[in-house]
Amino acid sequence: AQHKFKTLNNSNNGTALGSIIQLNSAYTDRVLEDIMKEHGSWDVLHAQTARGVWDEITIAHFQAASAYRTRSFVDAYTYQLASYNAFLRVFRDLPQWSLPVLYSLSRDLCDVAQRADNQLANTDAESSKLEEATRAINQGFSLCMTDREPLPNKSRKWGTYHMANTLFALYVRHKAYNLCDSMIRAIKTSELPPLDQFPMSHQVTFRYYRGVLAFRNEKYASAKQDLLFALEHCFRDSYDNKTRILVCLTPILLAEGTSPHSRLLRRYPPIKAMYGELAKAARAGDLRRFDEIMQEKEQQFVNAGTFIAVERVRKVAIRQLLRKIYRITGLQSRVTFRLFCDGFAAAGVADIDIPEMEAILADMIFCGYIKGYLAHDHGVAVLSKQQPFPPLASLV
């Protein structure tokens, strides 16, 4: 095994080396089976002496793999981290071909760290392996982003977004959103090739996470751009990934007056269950039903991190209800605050007094949902004679 790893390293075959150095690779299975047949156990792995860094990488890899198979995940993590750190020592002098090896070691390190933490949690012991693994992954990310290799076809910079996406997943799991923002700023100021020159899978994942962060920061225009890109370029059969994208993208579109197509709702039942009735109520101006749904699903929206975004959709429901009342009054350009209050009461929305209605109308005008002005002294909303309720699409 040590000879094979060194041979693949000398031949610059990163794809093959990255494949066999995985904890669950067929090659790793075969080597462990041979050791078990010859020695009756894997104890011999712990008697090996490393004569160089590739020996360290190899021995620690098989120690981790053997511990993994016996479900000793804490030990497996210790060995996997040793293998990863040993590889980083040579990685800083290796060119682009070595990136698949870094990816494989990083992926396995995250997996075994999570399993180790779960195992420790069951014994009430301190579990911080994933946090430690995150710091190690960050070192690999930095070695990619700061590579000074002048030849593009040899630069490790091409691994930057792959490693950034791995860190995004870890940071989001830890709710360390400030570290996500810091990483985005670091990437923005680095001398990387344009994002669109990287593999599409790297682009899609990066823009998904960047969109989610913008969504959390209530920067909905930026979030929409990134999430739409991720949705449109995501692998067509990636149902779970597209569902995750739609969880954040749908309330942004609903707030712009764009309801999800019935075909999309049929294809993604979780999105239909989450937003279908809400979209229907907003579109119909059924503010009473909208508020009922918000109350029913409040905890679900909070857990999904979409509650604030979904609250914005309420303005669409209010706009639609006001438009209904305006049409019922015969499209009069002057509508009293009292008449709007009566219309809300008739729609089942009680306890709206005139000062509150005036505040609602002022907000609608300010946000562009209504064109006109308020005559406070007369208690009247003076609506524009030309499209007093502009199309929602024009407000985007």
# chains A, B, ... in the order shown; residues from 1 in each chain; ligands from 1

$ select_by_dssp --residues "stretch 7-210 of chain A" --states "alpha helix (DSSP H)" --output "PyMOL selection string"
chain A and resi 7-10+14-20+26-39+53-69+73-91+99-121+129-145+160-174+177-189+200-210

$ write_last_selection --atoms "C-alpha atoms" --output "short mmCIF file (atom, residue, chain, number, x, y, z; two decimals), in the first residue's frame"
data_model
loop_
_atom_site.label_atom_id
_atom_site.label_comp_id
_atom_site.auth_asym_id
_atom_site.auth_seq_id
_atom_site.Cartn_x
_atom_site.Cartn_y
_atom_site.Cartn_z
CA THR A 7 3.86 5.38 -7.07
CA LEU A 8 0.62 7.28 -7.71
CA ASN A 9 2.17 10.35 -6.11
CA ASN A 10 5.25 10.09 -8.34
CA GLY A 14 -4.29 12.55 -8.14
CA THR A 15 -7.63 11.14 -9.33
CA ALA A 16 -6.55 7.54 -8.73
CA LEU A 17 -4.83 8.36 -5.44
CA GLY A 18 -7.83 10.35 -4.24
CA SER A 19 -10.05 7.37 -5.04
CA ILE A 20 -8.08 4.68 -3.20
CA ALA A 26 -12.41 -0.99 -2.51
CA TYR A 27 -8.61 -0.81 -2.40
CA THR A 28 -8.63 -0.01 1.33
CA ASP A 29 -11.03 -2.91 1.93
CA ARG A 30 -8.78 -5.27 0.01
CA VAL A 31 -5.63 -4.29 1.91
CA LEU A 32 -7.36 -4.65 5.28
CA GLU A 33 -8.71 -8.07 4.27
CA ASP A 34 -5.21 -9.20 3.29
CA ILE A 35 -3.78 -8.01 6.62
CA MET A 36 -6.55 -9.79 8.53
CA LYS A 37 -5.96 -13.04 6.62
CA GLU A 38 -2.21 -12.92 7.15
CA HIS A 39 -2.06 -11.72 10.78
CA VAL A 53 5.73 11.58 5.17
CA TRP A 54 3.99 9.27 2.69
CA ASP A 55 4.54 6.42 5.12
CA GLU A 56 2.86 8.56 7.79
CA ILE A 57 -0.08 9.28 5.48
CA THR A 58 -0.46 5.62 4.52
CA ILE A 59 -0.11 4.07 7.97
CA ALA A 60 -2.48 6.58 9.58
CA HIS A 61 -4.97 6.02 6.74
CA PHE A 62 -5.18 2.28 7.34
CA GLN A 63 -5.23 2.75 11.10
CA ALA A 64 -8.20 5.06 10.63
CA ALA A 65 -9.88 2.64 8.22
CA SER A 66 -9.48 -0.33 10.59
CA ALA A 67 -10.85 1.68 13.53
CA TYR A 68 -13.72 2.88 11.34
CA ARG A 69 -14.70 -0.70 10.55
CA PHE A 73 -14.89 6.40 15.64
CA VAL A 74 -12.94 8.45 18.17
CA ASP A 75 -9.78 6.48 17.35
CA ALA A 76 -10.62 6.60 13.65
CA TYR A 77 -10.85 10.37 13.86
CA THR A 78 -7.46 10.66 15.59
CA TYR A 79 -5.78 8.58 12.88
CA GLN A 80 -7.63 10.32 10.04
CA LEU A 81 -6.59 13.72 11.38
CA ALA A 82 -2.98 12.50 11.54
CA SER A 83 -3.18 11.32 7.93
CA TYR A 84 -4.73 14.62 6.84
CA ASN A 85 -2.17 16.78 8.65
CA ALA A 86 0.71 14.70 7.27
CA PHE A 87 -0.68 15.20 3.78
CA LEU A 88 -0.90 18.97 4.30
CA ARG A 89 2.85 19.02 4.93
CA VAL A 90 3.50 17.77 1.40
CA PHE A 91 0.45 19.42 -0.17
CA LEU A 99 -6.44 18.32 -5.20
CA PRO A 100 -8.54 15.11 -5.43
CA VAL A 101 -6.45 13.67 -2.59
CA LEU A 102 -7.17 16.71 -0.43
CA TYR A 103 -10.88 16.42 -1.23
CA SER A 104 -11.02 12.74 -0.23
CA LEU A 105 -9.11 13.23 3.01
CA SER A 106 -11.24 16.26 3.90
CA ARG A 107 -14.52 14.49 3.22
CA ASP A 108 -13.55 11.48 5.32
CA LEU A 109 -12.24 13.71 8.11
CA CYS A 110 -15.61 15.49 8.36
CA ASP A 111 -17.52 12.22 8.29
CA VAL A 112 -15.49 10.48 10.98
CA ALA A 113 -15.40 13.64 13.14
CA GLN A 114 -19.20 13.78 13.16
CA ARG A 115 -19.42 10.08 14.02
CA ALA A 116 -16.85 10.53 16.80
CA ASP A 117 -18.82 13.42 18.28
CA ASN A 118 -22.02 11.37 18.18
CA GLN A 119 -20.24 8.50 19.90
CA LEU A 120 -18.83 10.81 22.57
CA ALA A 121 -22.22 12.45 23.11
CA LYS A 129 -13.99 16.70 17.08
CA LEU A 130 -15.94 18.40 14.31
CA GLU A 131 -14.80 21.82 15.47
CA GLU A 132 -11.20 20.60 15.47
CA ALA A 133 -11.70 19.08 12.02
CA THR A 134 -13.09 22.40 10.79
CA ARG A 135 -9.87 24.16 11.79
CA ALA A 136 -7.86 21.52 9.93
CA ILE A 137 -10.05 21.87 6.81
CA ASN A 138 -9.50 25.63 6.97
CA GLN A 139 -5.75 25.04 6.66
CA GLY A 140 -6.35 23.11 3.45
CA PHE A 141 -8.58 25.92 2.18
CA SER A 142 -5.88 28.51 2.89
CA LEU A 143 -3.22 26.44 1.10
CA CYS A 144 -5.45 26.45 -1.97
CA MET A 145 -6.47 30.11 -1.93
CA THR A 160 -10.50 27.03 -3.34
CA TYR A 161 -14.25 26.87 -3.92
CA HIS A 162 -14.46 23.13 -3.26
CA MET A 163 -12.81 23.61 0.13
CA ALA A 164 -14.86 26.75 0.79
CA ASN A 165 -18.04 24.75 0.19
CA THR A 166 -16.85 22.12 2.67
CA LEU A 167 -16.25 24.88 5.23
CA PHE A 168 -19.64 26.46 4.50
CA ALA A 169 -21.35 23.19 5.42
CA LEU A 170 -19.35 22.97 8.64
CA TYR A 171 -19.83 26.61 9.61
CA VAL A 172 -23.59 26.45 8.97
CA ARG A 173 -23.81 23.32 11.10
CA HIS A 174 -22.08 25.21 13.92
CA TYR A 177 -22.36 32.56 10.14
CA ASN A 178 -19.80 35.26 10.93
CA LEU A 179 -17.07 32.86 9.75
CA CYS A 180 -19.00 32.32 6.52
CA ASP A 181 -19.07 36.08 5.93
CA SER A 182 -15.35 36.34 6.70
CA MET A 183 -14.55 33.58 4.24
CA ILE A 184 -16.58 35.24 1.49
CA ARG A 185 -14.71 38.50 2.08
CA ALA A 186 -11.37 36.67 1.98
CA ILE A 187 -12.28 35.03 -1.33
CA LYS A 188 -13.47 38.35 -2.74
CA THR A 189 -10.15 40.04 -2.01
CA MET A 200 -20.13 24.06 -12.32
CA SER A 201 -20.57 21.90 -9.22
CA HIS A 202 -18.26 24.26 -7.31
CA GLN A 203 -20.17 27.30 -8.60
CA VAL A 204 -23.60 25.93 -7.75
CA THR A 205 -22.71 24.96 -4.18
CA PHE A 206 -20.85 28.21 -3.50
CA ARG A 207 -23.65 30.37 -4.84
CA TYR A 208 -26.22 28.37 -2.88
CA TYR A 209 -24.42 29.03 0.39
CA ARG A 210 -23.73 32.65 -0.51
#

$ closest_residue --among "A:Lys154, A:Lys324, A:Arg267, A:Arg314" --to "A:Arg288" --atoms "only C-alpha atoms"
A:Arg314

$ residues_around --residues "A:Val380" --least-positions-apart "5" --cutoff "12 Å" --atoms "only C-alpha atoms" --output "PyMOL selection string"
chain A and resi 332-341+354-355+357-358+361-362+372-375

$ write_last_selection --atoms "C-alpha atoms" --output "PDB file, in the first residue's frame"
ATOM      1  CA  GLN A 332     -63.158  55.480  -7.084  1.00  0.00           C
ATOM      2  CA  SER A 333     -59.923  57.485  -6.797  1.00  0.00           C
ATOM      3  CA  ARG A 334     -60.893  58.758  -3.342  1.00  0.00           C
ATOM      4  CA  VAL A 335     -61.526  56.066  -0.735  1.00  0.00           C
ATOM      5  CA  THR A 336     -62.077  56.859   2.930  1.00  0.00           C
ATOM      6  CA  PHE A 337     -60.022  55.185   5.632  1.00  0.00           C
ATOM      7  CA  ARG A 338     -63.306  54.067   7.178  1.00  0.00           C
ATOM      8  CA  LEU A 339     -64.322  52.254   4.003  1.00  0.00           C
ATOM      9  CA  PHE A 340     -61.035  50.350   3.990  1.00  0.00           C
ATOM     10  CA  CYS A 341     -61.579  49.467   7.676  1.00  0.00           C
ATOM     11  CA  ILE A 354     -58.709  54.332  11.417  1.00  0.00           C
ATOM     12  CA  PRO A 355     -55.220  55.341  12.699  1.00  0.00           C
ATOM     13  CA  MET A 357     -55.513  51.759   8.609  1.00  0.00           C
ATOM     14  CA  GLU A 358     -53.860  55.083   7.827  1.00  0.00           C
ATOM     15  CA  LEU A 361     -51.928  52.691   3.687  1.00  0.00           C
ATOM     16  CA  ALA A 362     -48.888  54.912   4.302  1.00  0.00           C
ATOM     17  CA  GLY A 372     -51.355  57.939  -4.383  1.00  0.00           C
ATOM     18  CA  TYR A 373     -51.285  60.006  -1.222  1.00  0.00           C
ATOM     19  CA  LEU A 374     -53.189  60.340   2.048  1.00  0.00           C
ATOM     20  CA  ALA A 375     -55.356  63.309   2.959  1.00  0.00           C
TER      21      ALA A 375
END

$ residues_around --residues "A:Lys157" --least-positions-apart "5" --cutoff "9 Å" --atoms "only C-alpha atoms" --output "ChimeraX atom specification"
/A:96,143-149,152,191-193

$ atom_distance --atom1 "atom CA of A:Pro260" --atom2 "atom CA of A:Lys272"
8.8 Å

$ residues_around --residues "stretch 244-246 of chain A" --least-positions-apart "3" --cutoff "12 Å" --atoms "only C-alpha atoms" --output "PyMOL selection string"
chain A and resi 204-205+207-212+215+223-234+238-241+249-254+260+264-265+267-272+274-275+304-306

$ write_last_selection --atoms "N, CA and C atoms" --output "compact mmCIF listing (two decimals), in the first residue's frame"
# COMPACT_ATOMS: atom_id res chain seq x y z
N VAL A 204 -22.24 26.10 -8.25
CA VAL A 204 -23.60 25.93 -7.75
C VAL A 204 -23.61 25.89 -6.22
N THR A 205 -22.73 25.09 -5.64
CA THR A 205 -22.71 24.96 -4.18
C THR A 205 -22.31 26.27 -3.52
N ARG A 207 -22.62 29.34 -4.71
CA ARG A 207 -23.65 30.37 -4.84
C ARG A 207 -24.89 30.03 -4.01
N TYR A 208 -25.13 28.74 -3.78
CA TYR A 208 -26.22 28.37 -2.88
C TYR A 208 -25.93 28.89 -1.47
N TYR A 209 -24.74 28.59 -0.96
CA TYR A 209 -24.42 29.03 0.39
C TYR A 209 -24.35 30.55 0.49
N ARG A 210 -23.78 31.18 -0.53
CA ARG A 210 -23.73 32.65 -0.51
C ARG A 210 -25.14 33.23 -0.55
N GLY A 211 -26.02 32.60 -1.31
CA GLY A 211 -27.41 33.04 -1.36
C GLY A 211 -28.12 32.87 -0.03
N VAL A 212 -27.87 31.75 0.63
CA VAL A 212 -28.48 31.51 1.94
C VAL A 212 -28.00 32.54 2.96
N PHE A 215 -29.68 35.74 2.26
CA PHE A 215 -31.07 35.57 2.71
C PHE A 215 -31.18 35.81 4.21
N ALA A 223 -29.63 37.50 -2.66
CA ALA A 223 -29.98 36.11 -2.39
C ALA A 223 -30.73 35.51 -3.58
N LYS A 224 -31.65 36.27 -4.14
CA LYS A 224 -32.43 35.78 -5.29
C LYS A 224 -31.52 35.42 -6.46
N GLN A 225 -30.55 36.27 -6.76
CA GLN A 225 -29.64 36.01 -7.88
C GLN A 225 -28.89 34.70 -7.68
N ASP A 226 -28.31 34.52 -6.51
CA ASP A 226 -27.50 33.34 -6.25
C ASP A 226 -28.36 32.08 -6.18
N LEU A 227 -29.51 32.17 -5.53
CA LEU A 227 -30.36 30.99 -5.39
C LEU A 227 -30.98 30.58 -6.72
N LEU A 228 -31.34 31.54 -7.55
CA LEU A 228 -31.87 31.22 -8.88
C LEU A 228 -30.79 30.53 -9.72
N PHE A 229 -29.56 31.04 -9.65
CA PHE A 229 -28.46 30.41 -10.38
C PHE A 229 -28.28 28.97 -9.91
N ALA A 230 -28.28 28.78 -8.59
CA ALA A 230 -28.10 27.44 -8.05
C ALA A 230 -29.22 26.51 -8.49
N LEU A 231 -30.44 27.01 -8.50
CA LEU A 231 -31.58 26.18 -8.90
C LEU A 231 -31.52 25.81 -10.38
N GLU A 232 -31.17 26.79 -11.21
CA GLU A 232 -31.16 26.56 -12.66
C GLU A 232 -30.01 25.66 -13.11
N HIS A 233 -28.90 25.68 -12.37
CA HIS A 233 -27.73 24.92 -12.79
C HIS A 233 -27.47 23.67 -11.94
N CYS A 234 -28.31 23.47 -10.95
CA CYS A 234 -28.19 22.26 -10.13
C CYS A 234 -28.51 21.04 -10.99
N SER A 238 -31.18 16.26 -8.71
CA SER A 238 -30.81 16.52 -7.31
C SER A 238 -32.02 17.06 -6.55
N TYR A 239 -32.95 16.16 -6.28
CA TYR A 239 -34.23 16.55 -5.65
C TYR A 239 -34.01 17.23 -4.30
N ASP A 240 -33.20 16.62 -3.45
CA ASP A 240 -32.99 17.17 -2.10
C ASP A 240 -32.33 18.53 -2.15
N ASN A 241 -31.32 18.68 -3.03
CA ASN A 241 -30.63 19.97 -3.14
C ASN A 241 -31.57 21.06 -3.66
N LEU A 249 -35.71 30.32 -1.58
CA LEU A 249 -36.05 31.12 -2.77
C LEU A 249 -37.54 31.42 -2.84
N THR A 250 -38.38 30.49 -2.45
CA THR A 250 -39.83 30.66 -2.60
C THR A 250 -40.37 31.89 -1.87
N PRO A 251 -40.04 32.14 -0.59
CA PRO A 251 -40.58 33.34 0.05
C PRO A 251 -40.09 34.64 -0.57
N ILE A 252 -38.89 34.62 -1.17
CA ILE A 252 -38.41 35.82 -1.87
C ILE A 252 -39.31 36.11 -3.06
N LEU A 253 -39.62 35.06 -3.84
CA LEU A 253 -40.47 35.23 -5.01
C LEU A 253 -41.90 35.57 -4.61
N LEU A 254 -42.39 34.97 -3.54
CA LEU A 254 -43.75 35.27 -3.08
C LEU A 254 -43.88 36.75 -2.70
N PRO A 260 -45.43 30.12 -6.87
CA PRO A 260 -44.85 28.93 -7.49
C PRO A 260 -45.86 28.23 -8.40
N LEU A 264 -44.51 22.85 -10.23
CA LEU A 264 -43.38 22.83 -9.30
C LEU A 264 -43.83 22.31 -7.94
N LEU A 265 -45.02 22.73 -7.50
CA LEU A 265 -45.52 22.28 -6.20
C LEU A 265 -45.80 20.79 -6.21
N ARG A 267 -44.15 18.63 -7.97
CA ARG A 267 -42.86 17.95 -8.03
C ARG A 267 -42.14 18.00 -6.69
N TYR A 268 -42.39 19.05 -5.90
CA TYR A 268 -41.70 19.21 -4.62
C TYR A 268 -42.73 19.32 -3.49
N PRO A 269 -43.27 18.19 -3.05
CA PRO A 269 -44.29 18.20 -1.99
C PRO A 269 -43.89 18.97 -0.72
N PRO A 270 -42.61 18.90 -0.26
CA PRO A 270 -42.26 19.68 0.94
C PRO A 270 -42.47 21.18 0.76
N ILE A 271 -42.23 21.69 -0.46
CA ILE A 271 -42.43 23.12 -0.72
C ILE A 271 -43.92 23.43 -0.76
N LYS A 272 -44.70 22.52 -1.34
CA LYS A 272 -46.16 22.71 -1.37
C LYS A 272 -46.71 22.72 0.03
N MET A 274 -45.18 23.52 2.73
CA MET A 274 -44.65 24.65 3.48
C MET A 274 -45.27 25.98 3.03
N TYR A 275 -45.43 26.15 1.72
CA TYR A 275 -45.81 27.46 1.19
C TYR A 275 -47.07 27.47 0.32
N ALA A 304 -36.75 26.72 9.98
CA ALA A 304 -36.16 26.75 8.63
C ALA A 304 -35.39 28.04 8.38
N GLY A 305 -35.50 29.01 9.30
CA GLY A 305 -34.81 30.29 9.12
C GLY A 305 -35.47 31.19 8.09
N THR A 306 -36.76 30.97 7.82
CA THR A 306 -37.45 31.74 6.78
C THR A 306 -38.55 32.64 7.33

$ atom_distance --atom1 "atom CA of A:Ile365" --atom2 "atom CA of A:Leu322"
11.7 Å
